[in-house]
Amino acid sequence: MFNKETYVQRREELKHLVKEGIILFFGNNEAPCNFPANGYYPFRQDSSFLYYFGLNRDGLVGVIDIDNNQETLIGDDISIDDIVWYGTVDSVHEMAEQAGVKNSAPMDQLKTICQKALAEKRKIHFLPPYRYDIKLQIFDLLGIHPNQQGEEASLDLIHAVVTQRSTKSHEEIEELERAAVIGYQMHTTAMRLTRPGVTEKFVGGQVTGVAESYGAMVSFPTIYSQHGETMHGNPSMNKLESGRLVLCDAGAETINNYCSDNTRTYPVNGEFTQRQLEIYSIVEACHDYTIKIAKPGVKWMDVHFAICKLMTERLKELGLMKGDTDAAVKAGAHAMFLPHGLGHMMGMDVHDMESLGQTYVGFDEETRPNLKQFGTNCLRMGRRLKEGFVVTDEPGIYFIPALIDDWKASGHCKEFINFDKLETYKDFGGIRIEDDVLITKDGCRFLGKKRIPYHPKDIETFMAENAKA
Ligand SMILES: [Mn+2]
């Protein structure tokens, strides 16, 4: 938790932005895994609740009454029964004080507050809920059916939260730097453990353990797979095989829930083949080019398409693509190889604020998402970059057998893709390289003091040195 002034100031700014009405911020509850008392561990607070109140306990709701300039933390103190099992925790009144909130009240008061506001026909703002228990709570409080809550959520509140959370403050950047240090430990652990004969699950589990040892948890379930062509490939019980590549996409959350998100792809036996190097060097060039061109004022969408064009040029040199580069990218032919966007915002959520709606987070009046074109529809961010934004830079090249068969059968983009050559890559897998980028005053920089090895020579040296150990 930051200093309480941080939260007081964030709420002041929020009131200024939303202007009128009453705001409800629902904190998360414990989520049962296989029976009520066996929750998913660790408890994860809602990120917007954390942003405005900083309190990492279940069962809380923050109420901000803008019209009467009154803030209340709602929640029940834990009972003696719970103290026996979980230990003593601060009272709701004490927690309110820590967040700089003047008033506190038990949960049954929330219904009274809501009914009064409804009777007075005041605007009640809430964010789109994503957990079912919260949807039921909103249904009970406001009478809005869970299926309608997405559209009944407050656009004014969404826009205000996006405005505030998009630009990272100095203290938030320090947290993100801490997350990057844990990310470095996670990825170098994976590289050290990678060798033929070990299961994917073993390495994946160790990587996840590093995140839990140094921070709160992983920022998303660890991806560690020899099937790098599957975007979110879970670690399996398959053993690592010499000659194949393995892709590790993993990140940590600090104790204060700020994230890291990195991806590395490397050979199981520590040495790239010529064919692997040819594809790898294209992804590497794309990854490095992002850092050259991303800066305040530039549209992230333009950075994305610049990378798509560079990738297309290089794939043409290899004989995997053909035709006019601009026309190929316009037609979306590059999405055969790169079916996702170049990157996304990152902060307290790894896909920052995704629960508020991708269109509101990544786009604005000037830039609209293209939801019709395969590949481009996965671009989560398009708008102009600003100082203090944090985005991921994650180009990739994938050879997805089912997608190759699908496009080949329909003839989709056949004027830009050399299907005969592509057939010979069906056993290749996929490559992604990902780092987290802070937009600075006049450019950008990677987060993290030490780069996780990603140049092929650095990877081979690192793996050779650690194989001996
Ligand atoms: Mn990512």
# chains A, B, ... in the order shown; residues from 1 in each chain; ligands from 1
call {"tool": "residues_near_ligand", "arguments": {"ligand": "ligand 1", "cutoff": "7 Å", "atoms": "only C-alpha atoms and all ligand atoms", "output": "number ranges by chain"}}
result
A: 261-262, 343-344, 392, 394, 434
call {"tool": "select_by_dssp", "arguments": {"residues": "stretch 68-130 of chain A", "states": "alpha helix (DSSP H)", "output": "count of residues only"}}
result
26
call {"tool": "residues_around", "arguments": {"residues": "stretch 174-180 of chain A", "least_positions_apart": "4", "cutoff": "6 Å", "atoms": "only C-alpha atoms", "output": "ChimeraX atom specification"}}
result
/A:252-254,258-260,447-448
call {"tool": "write_last_selection", "arguments": {"atoms": "C-alpha atoms", "output": "compact mmCIF listing (two decimals), in the first residue's frame"}}
result
# COMPACT_ATOMS: atom_id res chain seq x y z
CA ALA A 252 4.88 -11.61 -11.66
CA GLU A 253 2.85 -9.33 -9.47
CA THR A 254 4.58 -7.47 -6.68
CA TYR A 258 1.94 -4.35 -10.13
CA CYS A 259 2.76 -6.67 -13.02
CA SER A 260 5.49 -7.83 -15.32
CA LEU A 447 11.41 -1.71 -17.71
CA GLY A 448 13.91 -3.74 -15.72
call {"tool": "residues_around", "arguments": {"residues": "A:Ser154", "least_positions_apart": "3", "cutoff": "6 Å", "atoms": "only C-alpha atoms", "output": "MDAnalysis selection string"}}
result
chainID A and resid 125:126 157
call {"tool": "residues_around", "arguments": {"residues": "stretch 161-164 of chain A", "least_positions_apart": "4", "cutoff": "8 Å", "atoms": "only C-alpha atoms", "output": "PyMOL selection string"}}
result
chain A and resi 10+14+48+157+353+360-361
call {"tool": "write_last_selection", "arguments": {"atoms": "C-alpha atoms", "output": "CSV table (one decimal), in the first residue's frame"}}
result
chain,number,residue,atom,x,y,z
A,10,ARG,CA,-6.6,9.8,-6.6
A,14,LEU,CA,-11.8,11.0,-9.7
A,48,SER,CA,-9.6,-0.4,-9.5
A,157,LEU,CA,-16.7,6.3,-14.4
A,353,MET,CA,-8.1,-2.5,-17.1
A,360,TYR,CA,-12.3,2.3,-23.8
A,361,VAL,CA,-8.8,1.4,-22.6
call {"tool": "residues_around", "arguments": {"residues": "A:Ile417", "least_positions_apart": "3", "cutoff": "6 Å", "atoms": "only C-alpha atoms", "output": "ChimeraX atom specification"}}
result
/A:321-322,414
call {"tool": "write_last_selection", "arguments": {"atoms": "C-alpha atoms", "output": "PDB file, in the first residue's frame"}}
result
ATOM      1  CA  MET A 321       5.429 -14.402 -48.221  1.00  0.00           C
ATOM      2  CA  LYS A 322       5.259 -12.649 -51.581  1.00  0.00           C
ATOM      3  CA  LYS A 414      -2.974 -16.769 -51.596  1.00  0.00           C
TER       4      LYS A 414
END
call {"tool": "closest_atom_pairs", "arguments": {"of": "stretch 385-413 of chain A", "to": "stretch 307-314 of chain A", "cutoff": "10 Å", "atoms": "only C-alpha atoms", "output": "tab-separated table"}}
result
residue	atom	partner	partner_atom	distance
A:Pro395	CA	A:Ile307	CA	7.8
A:Gly396	CA	A:Met311	CA	9.4
A:Ile397	CA	A:Met311	CA	8.7
call {"tool": "select_by_dssp", "arguments": {"residues": "stretch 330-436 of chain A", "states": "strand (DSSP E)", "output": "list in words"}}
result
Val390, Val391, Thr392, Asp393, Gly396, Ile397, Tyr398, Gly430, Ile431, Arg432, Asp435 and Asp436 of chain A
call {"tool": "closest_residue", "arguments": {"among": "A:Asn234, A:Thr424, A:Gln226, A:Ser281", "to": "A:Val246", "atoms": "only C-alpha atoms"}}
result
A:Gln226
call {"tool": "closest_residue", "arguments": {"among": "A:Phe202, A:Phe416, A:Phe337, A:Phe25", "to": "A:Ala153", "atoms": "only C-alpha atoms"}}
result
A:Phe25
call {"tool": "residues_around", "arguments": {"residues": "stretch 66-71 of chain A", "least_positions_apart": "4", "cutoff": "9 Å", "atoms": "only C-alpha atoms", "output": "PyMOL selection string"}}
result
chain A and resi 15-16+18-23+62+101-104
call {"tool": "atom_distance", "arguments": {"atom1": "atom CA of A:Val89", "atom2": "atom CA of A:Pro129"}}
result
26.7 Å
